[in-house]
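For reference, protein.txt is printed below; it contains compact mmCIF, C-alpha atoms.
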```
# COMPACT_ATOMS: atom_id res chain seq x y z
CA MET A 25 193.76 100.13 -105.29
CA SER A 26 191.46 97.13 -105.64
CA GLY A 27 188.85 96.68 -102.96
CA THR A 28 189.31 100.10 -101.34
CA LYS A 29 186.61 102.22 -102.99
CA ARG A 30 184.44 102.47 -99.91
CA PHE A 31 187.32 102.57 -97.45
CA PRO A 32 187.80 106.07 -95.97
CA MET A 33 190.66 107.59 -97.94
CA ARG A 34 191.99 109.55 -94.96
CA LEU A 35 192.39 106.37 -92.94
CA LEU A 36 193.93 104.56 -95.88
CA ALA A 37 196.47 107.33 -96.30
CA MET A 38 197.39 107.14 -92.62
CA LEU A 39 197.97 103.41 -92.91
CA LEU A 40 200.11 103.76 -96.01
CA MET A 41 202.28 106.41 -94.37
CA GLY A 42 203.36 103.82 -91.82
CA LEU A 43 204.68 101.38 -94.43
CA GLY A 44 207.95 103.12 -95.17
CA CYS A 45 211.40 101.99 -94.06
CA SER A 46 211.89 104.76 -91.49
CA SER A 47 211.86 104.06 -87.78
CA PRO A 48 208.37 103.74 -86.31
CA LYS A 49 206.98 106.88 -84.75
CA PRO A 50 206.70 107.01 -80.96
CA VAL A 51 203.33 105.91 -79.61
CA GLU A 52 202.12 107.11 -76.22
CA GLY A 53 202.57 104.41 -73.60
CA VAL A 54 204.63 102.17 -75.91
CA TRP A 55 208.22 101.38 -74.88
CA ARG A 56 211.01 100.48 -77.27
CA PRO A 57 214.41 99.92 -75.66
CA GLY A 58 217.04 102.48 -76.55
CA PRO A 59 220.80 102.09 -76.63
CA GLY A 60 222.08 100.62 -73.38
CA GLU A 61 218.62 99.66 -72.09
CA ASP A 62 217.94 96.12 -70.95
CA ALA A 63 215.48 94.64 -73.45
CA ASN A 64 214.49 91.97 -70.92
CA HIS A 65 213.07 94.53 -68.43
CA ILE A 66 210.05 96.60 -69.45
CA PRO A 67 209.32 99.76 -67.41
CA GLY A 68 206.22 99.99 -65.25
CA PRO A 69 203.72 101.17 -64.38
CA ILE A 70 202.25 102.80 -67.46
CA GLN A 71 201.01 106.34 -66.82
CA ASN A 72 197.34 107.20 -66.33
CA PHE A 73 196.29 103.62 -65.62
CA GLY A 74 195.18 102.29 -62.26
CA PRO A 75 196.23 101.04 -59.85
CA PHE A 76 193.32 98.63 -59.43
CA ASP A 77 192.06 96.60 -56.50
CA SER A 78 191.04 93.64 -58.68
CA TYR A 79 192.44 92.08 -61.82
CA ALA A 80 188.94 92.06 -63.33
CA ASP A 81 188.80 95.86 -63.19
CA ALA A 82 192.35 96.07 -64.54
CA LEU A 83 191.42 93.86 -67.51
CA LYS A 84 188.35 95.97 -68.29
CA ALA A 85 190.59 99.03 -68.49
CA ALA A 86 193.50 97.36 -70.28
CA CYS A 87 191.39 95.99 -73.14
CA PRO A 88 190.28 99.33 -74.65
CA LEU A 89 193.68 100.86 -73.87
CA ILE A 90 195.56 98.28 -75.92
CA LEU A 91 192.98 98.05 -78.72
CA SER A 92 193.06 101.84 -79.14
CA LYS A 93 196.71 101.80 -80.26
CA PRO A 94 197.50 102.27 -83.97
CA ASN A 95 196.56 99.22 -86.06
CA ALA A 96 195.86 97.09 -82.98
CA THR A 97 192.75 95.79 -84.74
CA VAL A 98 192.50 95.40 -88.51
CA GLY A 99 189.58 93.03 -88.95
CA TYR A 100 187.64 95.85 -90.62
CA LEU A 101 190.32 96.00 -93.33
CA GLN A 102 190.88 92.29 -93.91
CA ASP A 103 188.01 91.81 -96.36
CA LEU A 104 188.72 95.03 -98.25
CA ASN A 105 192.46 94.65 -98.61
CA PRO A 106 194.00 91.61 -96.87
CA GLU A 107 197.53 92.48 -98.00
CA LEU A 108 197.34 95.94 -96.47
CA ALA A 109 195.78 94.49 -93.32
CA ALA A 110 198.65 92.02 -92.95
CA ARG A 111 201.26 94.73 -93.46
CA THR A 112 199.80 97.24 -91.03
CA ALA A 113 198.57 94.97 -88.22
CA THR A 114 200.46 95.53 -84.97
CA GLU A 115 200.58 93.54 -81.74
CA TYR A 116 201.12 95.27 -78.43
CA CYS A 117 201.91 93.43 -75.22
CA ALA A 118 202.34 94.19 -71.52
CA TRP A 119 202.43 92.59 -68.08
CA LEU A 120 199.63 92.93 -65.55
CA TYR A 121 201.37 92.53 -62.22
CA TYR A 122 200.64 92.58 -58.49
CA THR A 123 202.49 94.86 -56.07
CA PRO A 124 203.27 94.69 -52.33
CA GLU A 125 200.50 97.30 -51.87
CA HIS A 126 198.03 94.62 -53.07
CA LYS A 127 197.33 96.57 -56.24
CA TYR A 128 197.21 95.49 -59.88
CA GLU A 129 199.39 97.58 -62.20
CA LEU A 130 200.13 97.52 -65.92
CA SER A 131 203.62 97.77 -67.38
CA MET A 132 204.24 99.96 -70.37
CA LEU A 133 203.29 98.43 -73.71
CA THR A 134 205.76 97.28 -76.33
CA ASP A 135 205.28 96.49 -80.01
CA LEU A 136 208.65 94.92 -80.77
CA SER A 137 208.77 91.79 -82.92
CA ARG A 138 211.59 89.33 -83.43
CA PRO A 139 213.69 90.14 -86.53
CA ASP A 140 212.77 86.88 -88.27
CA ASP A 141 209.07 87.56 -87.66
CA VAL A 142 209.42 90.99 -89.24
CA LEU A 143 211.03 89.48 -92.33
CA ALA A 144 208.32 86.81 -92.55
CA ASN A 145 205.56 89.41 -91.96
CA ARG A 146 204.35 87.52 -88.88
CA LYS A 147 202.56 89.63 -86.29
CA THR A 148 204.13 89.01 -82.91
CA CYS A 149 205.06 90.97 -79.82
CA VAL A 150 208.12 90.14 -77.71
CA LEU A 151 207.21 90.77 -74.08
CA PRO A 152 210.24 91.16 -71.79
CA THR A 153 210.47 88.66 -68.95
CA PHE A 154 210.53 91.21 -66.12
CA VAL A 155 208.93 94.51 -65.16
CA ASP A 156 211.21 97.29 -63.93
CA ASP A 157 209.09 99.18 -61.39
CA THR A 158 211.65 101.29 -59.51
CA ARG A 159 209.40 101.55 -56.43
CA TYR A 160 210.02 97.90 -55.62
CA ALA A 161 212.77 95.32 -55.57
CA GLN A 162 212.55 92.88 -58.45
CA GLY A 163 211.48 89.93 -56.33
CA GLU A 164 208.58 91.87 -54.80
CA LEU A 165 206.51 91.94 -57.99
CA LYS A 166 204.13 89.11 -58.84
CA TYR A 167 203.31 88.42 -62.48
CA ILE A 168 199.63 87.79 -63.20
CA PHE A 169 198.75 88.04 -66.91
CA ALA A 170 200.73 88.50 -70.12
CA LEU A 171 198.41 90.75 -72.14
CA HIS A 172 198.38 91.39 -75.86
CA ASN A 173 195.99 92.04 -78.74
CA HIS A 174 195.16 89.91 -81.77
CA PRO A 175 194.71 92.33 -84.69
CA PHE A 176 192.62 89.84 -86.70
CA GLY A 177 190.67 88.46 -83.74
CA SER A 178 192.17 85.00 -84.20
CA LYS A 179 192.70 82.42 -81.47
CA PHE A 180 196.02 81.59 -79.83
CA SER A 181 198.95 80.54 -81.95
CA PRO A 182 201.37 77.82 -80.79
CA MET A 183 203.89 80.63 -80.26
CA ASP A 184 201.51 82.32 -77.79
CA LEU A 185 201.12 79.13 -75.78
CA HIS A 186 204.83 78.35 -75.78
CA PHE A 187 205.55 81.89 -74.60
CA ILE A 188 203.48 81.69 -71.42
CA GLU A 189 204.58 78.13 -70.73
CA ASN A 190 208.19 79.32 -70.88
CA LYS A 191 207.42 82.26 -68.58
CA ALA A 192 205.81 79.81 -66.16
CA SER A 193 209.24 78.26 -65.71
CA ILE A 194 210.46 81.63 -64.43
CA HIS A 195 207.45 83.16 -62.66
CA ASP A 196 205.06 81.57 -60.18
CA TRP A 197 202.30 79.52 -61.78
CA GLU A 198 199.96 80.78 -59.08
CA VAL A 199 200.05 84.01 -57.05
CA GLU A 200 198.53 84.59 -53.63
CA THR A 201 196.68 87.92 -53.59
CA ARG A 202 194.53 89.67 -51.03
CA ASN A 203 191.47 88.35 -52.91
CA GLY A 204 192.70 84.78 -53.25
CA LYS A 205 194.92 82.81 -55.61
CA VAL A 206 195.34 83.87 -59.24
CA LYS A 207 196.87 81.62 -61.89
CA LEU A 208 199.41 82.91 -64.40
CA ALA A 209 197.83 83.20 -67.84
CA ILE A 210 198.18 84.71 -71.29
CA ILE A 211 195.34 86.89 -72.59
CA ALA A 212 194.63 88.09 -76.13
CA PHE A 213 192.11 90.91 -76.59
CA PHE A 214 190.05 91.17 -79.76
CA SER A 215 187.59 93.57 -81.37
CA LYS A 216 184.88 92.88 -83.94
CA SER A 217 184.38 96.56 -84.63
CA LYS A 218 184.23 97.82 -88.21
CA ASN A 219 185.12 101.33 -87.06
CA PRO A 220 188.92 101.70 -86.82
CA GLU A 221 188.62 105.04 -85.04
CA SER A 222 186.52 103.57 -82.22
CA PRO A 223 187.31 99.85 -81.72
CA THR A 224 185.15 98.03 -79.22
CA CYS A 225 186.48 95.63 -76.61
CA ASP A 226 184.47 92.53 -77.51
CA GLY A 227 186.38 89.95 -75.53
CA PHE A 228 189.58 88.02 -74.97
CA TYR A 229 191.07 84.56 -75.17
CA GLN A 230 192.73 83.13 -72.07
CA TYR A 231 195.13 80.22 -71.62
CA VAL A 232 196.26 78.99 -68.19
CA PRO A 233 199.45 76.90 -68.42
CA SER A 234 199.13 75.28 -64.98
CA THR A 235 195.81 73.66 -65.94
CA ARG A 236 196.15 73.92 -69.76
CA GLU A 237 192.64 75.41 -69.87
CA PHE A 238 191.65 77.42 -72.93
CA MET A 239 188.66 79.75 -72.70
CA THR A 240 187.04 82.82 -74.21
CA TRP A 241 185.44 85.77 -72.44
CA THR A 242 182.99 87.88 -74.46
CA GLN A 243 181.43 91.15 -73.40
CA THR A 244 177.74 91.84 -73.92
CA GLY A 245 175.98 94.77 -72.32
CA GLY A 246 178.80 95.31 -69.87
CA HIS A 247 178.77 91.69 -68.67
CA TRP A 248 181.47 89.09 -69.31
CA ASP A 249 180.45 85.58 -70.36
CA ARG A 250 182.89 82.68 -70.22
CA THR A 251 183.08 79.87 -72.77
CA ASP A 252 185.31 76.90 -71.97
CA TYR A 253 186.93 75.33 -75.02
CA GLY A 254 188.74 72.55 -73.20
CA ILE A 255 192.31 71.44 -72.50
CA ILE A 256 195.28 72.08 -74.75
CA ARG A 257 197.03 68.92 -75.92
CA TRP A 258 200.25 69.19 -77.91
CA ILE A 259 200.53 67.00 -81.00
CA ASP A 260 204.02 68.27 -81.78
CA ASP A 261 205.99 71.45 -81.10
CA LYS A 262 204.00 73.46 -83.66
CA THR A 263 200.56 71.87 -83.45
CA TYR A 264 197.98 71.57 -80.69
CA LYS A 265 194.40 70.40 -80.38
CA ILE A 266 191.69 71.25 -77.87
CA GLU A 267 190.12 68.36 -76.01
CA GLY A 268 186.85 68.61 -74.10
CA ARG A 269 187.04 68.38 -70.36
```
Taking this structure as input, can you express it in the form of structure tokens?
Amino acid sequence: MSGTKRFPMRLLAMLLMGLGCSSPKPVEGVWRPGPGEDANHIPGPIQNFGPFDSYADALKAACPLILSKPNATVGYLQDLNPELAARTATEYCAWLYYTPEHKYELSMLTDLSRPDDVLANRKTCVLPTFVDDTRYAQGELKYIFALHNHPFGSKFSPMDLHFIENKASIHDWEVETRNGKVKLAIIAFFSKSKNPESPTCDGFYQYVPSTREFMTWTQTGGHWDRTDYGIIRWIDDKTYKIEGR
């Protein structure tokens, strides 16, 4: 195959095995609704994660967790074989939410795409509107961040922004926590790693619908640095631009 001479053949074989028409194999921590399950309620919390006292600590743990899932980052493959990268890339998404115990929890992940996105080979992840945490009544949970990964490390798509804006019509735009107010946002983790077996958490994009702020957080030496891009302005339903503040 052109462009794959230096690509590890074992990893290439693993990727190719996932391209068949059979149902996707189960992935630890990833939920796919079965017959009779409500696709609009994702179970939570995910096992072996948290709870956390701050959303910052929860994000630090969620980033490597999500990026470690199969084909969650394919930037290393894009230059070698862009077609294979596009076919294997997978988005995973989850809710970071706040409980009555003043803790931050993560729902299970899901990797489901809309049927038309699958046919068009678009990489998306359909995050259910609600978290089903059986310890609490539905109205007791507060939704903080919609988390997902961007396999190619790209910025937000119009679909991403529309998603969180639509969820903001259902969930609170701002949540009161023990540590102060937190604004609802969508976050996209990315990795610049060239090692698919050990992807690094290099940062994430963040969009806050209540203020329309778009920013990037990058990690260097264990510290997070924020870069403000500006304010999202819609040109039409499928196009936006970023204006300086």
Which protein, DNA or RNA residues have an atom at most 12 Å from (196.0, 90.1, -54.6), counting all atoms listed in the file? List them as a ChimeraX atom specification. /A:76-80,120-129,165-168,198-207
For the selection just defined, write its residues with C-alpha atoms to a file, as a PDB file, in the coordinates of the input.
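Done, and the output landed in part.pdb:
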```pdb
ATOM      1  CA  PHE A  76     193.320  98.630 -59.430  1.00  0.00           C
ATOM      2  CA  ASP A  77     192.060  96.600 -56.500  1.00  0.00           C
ATOM      3  CA  SER A  78     191.040  93.640 -58.680  1.00  0.00           C
ATOM      4  CA  TYR A  79     192.440  92.080 -61.820  1.00  0.00           C
ATOM      5  CA  ALA A  80     188.940  92.060 -63.330  1.00  0.00           C
ATOM      6  CA  LEU A 120     199.630  92.930 -65.550  1.00  0.00           C
ATOM      7  CA  TYR A 121     201.370  92.530 -62.220  1.00  0.00           C
ATOM      8  CA  TYR A 122     200.640  92.580 -58.490  1.00  0.00           C
ATOM      9  CA  THR A 123     202.490  94.860 -56.070  1.00  0.00           C
ATOM     10  CA  PRO A 124     203.270  94.690 -52.330  1.00  0.00           C
ATOM     11  CA  GLU A 125     200.500  97.300 -51.870  1.00  0.00           C
ATOM     12  CA  HIS A 126     198.030  94.620 -53.070  1.00  0.00           C
ATOM     13  CA  LYS A 127     197.330  96.570 -56.240  1.00  0.00           C
ATOM     14  CA  TYR A 128     197.210  95.490 -59.880  1.00  0.00           C
ATOM     15  CA  GLU A 129     199.390  97.580 -62.200  1.00  0.00           C
ATOM     16  CA  LEU A 165     206.510  91.940 -57.990  1.00  0.00           C
ATOM     17  CA  LYS A 166     204.130  89.110 -58.840  1.00  0.00           C
ATOM     18  CA  TYR A 167     203.310  88.420 -62.480  1.00  0.00           C
ATOM     19  CA  ILE A 168     199.630  87.790 -63.200  1.00  0.00           C
ATOM     20  CA  GLU A 198     199.960  80.780 -59.080  1.00  0.00           C
ATOM     21  CA  VAL A 199     200.050  84.010 -57.050  1.00  0.00           C
ATOM     22  CA  GLU A 200     198.530  84.590 -53.630  1.00  0.00           C
ATOM     23  CA  THR A 201     196.680  87.920 -53.590  1.00  0.00           C
ATOM     24  CA  ARG A 202     194.530  89.670 -51.030  1.00  0.00           C
ATOM     25  CA  ASN A 203     191.470  88.350 -52.910  1.00  0.00           C
ATOM     26  CA  GLY A 204     192.700  84.780 -53.250  1.00  0.00           C
ATOM     27  CA  LYS A 205     194.920  82.810 -55.610  1.00  0.00           C
ATOM     28  CA  VAL A 206     195.340  83.870 -59.240  1.00  0.00           C
ATOM     29  CA  LYS A 207     196.870  81.620 -61.890  1.00  0.00           C
TER      30      LYS A 207
END
```
Could you work out how far atom CA of A:Thr244 lies from atom CA of A:Pro182, giving the answer in Å with one decimal? 28.3 Å
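Neighbours of A:Asn95 closer than or equal to 8 Å, with all atoms listed in the file counted and sequence neighbours fewer than 2 positions away skipped, come out as Lys93, Thr97, Val98, Thr112, Ala113, Thr114 and Pro175 of chain A.
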Find the residues around A:Phe187 up to 12 Å (all atoms listed in the file counted), leave out those fewer than 3 positions away in its own chain, and share them as a ChimeraX atom specification. /A:148-153,169-172,180-184,190-194,208-211,231-233
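Residue nearest A:Ile90, chosen from A:Pro67, A:Pro59, A:Pro223, A:Gly245 and counting only C-alpha atoms: A:Pro223.
Each of A:Val51, A:Leu91, A:Val155, A:Leu185 was checked against A:Leu130 using only C-alpha atoms; the smallest atom-to-atom distance is that of A:Val155.
Distances here use only C-alpha atoms; by that measure, the residue among A:Trp119, A:Trp248, A:Phe228, A:Tyr160 closest to A:Thr134 is A:Trp119.
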Quick one: everything within 10 Å of A:Thr242, counting all atoms listed in the file, minus sequence neighbours fewer than 3 positions away in the same chain. Send it as a ChimeraX atom specification. /A:213-214,225-229,246-251
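The coordinates place atom CA of A:Asp157 at 26.4 Å from atom CA of A:His174.
Atom CA of A:Leu108 to atom CA of A:Trp55 spans 24.8 Å [interatomic distance, one decimal].
With only C-alpha atoms as the atoms that count, the residue of A:His186, A:Arg56, A:Arg236, A:Lys265 with the shortest distance to A:Ser137 is A:Arg56.
Each of A:Lys49, A:Lys218, A:His195, A:Glu61 was compared to A:Gln162 using all atoms listed in the file, and A:His195 turns out to be the nearest.
Minimum atom-to-atom distances from A:Glu107, A:Cys117, A:Glu52, A:Gly177 to A:Thr224 were compared using all atoms listed in the file, and the lowest value belongs to A:Gly177.
Every protein, DNA or RNA residue with an atom at most 9 Å from A:Ile70, where all atoms listed in the file count and chain neighbours fewer than 5 positions away do not, is listed here: Gly53, Val54, Glu129, Leu130, Ser131, Met132 and Leu133 of chain A.
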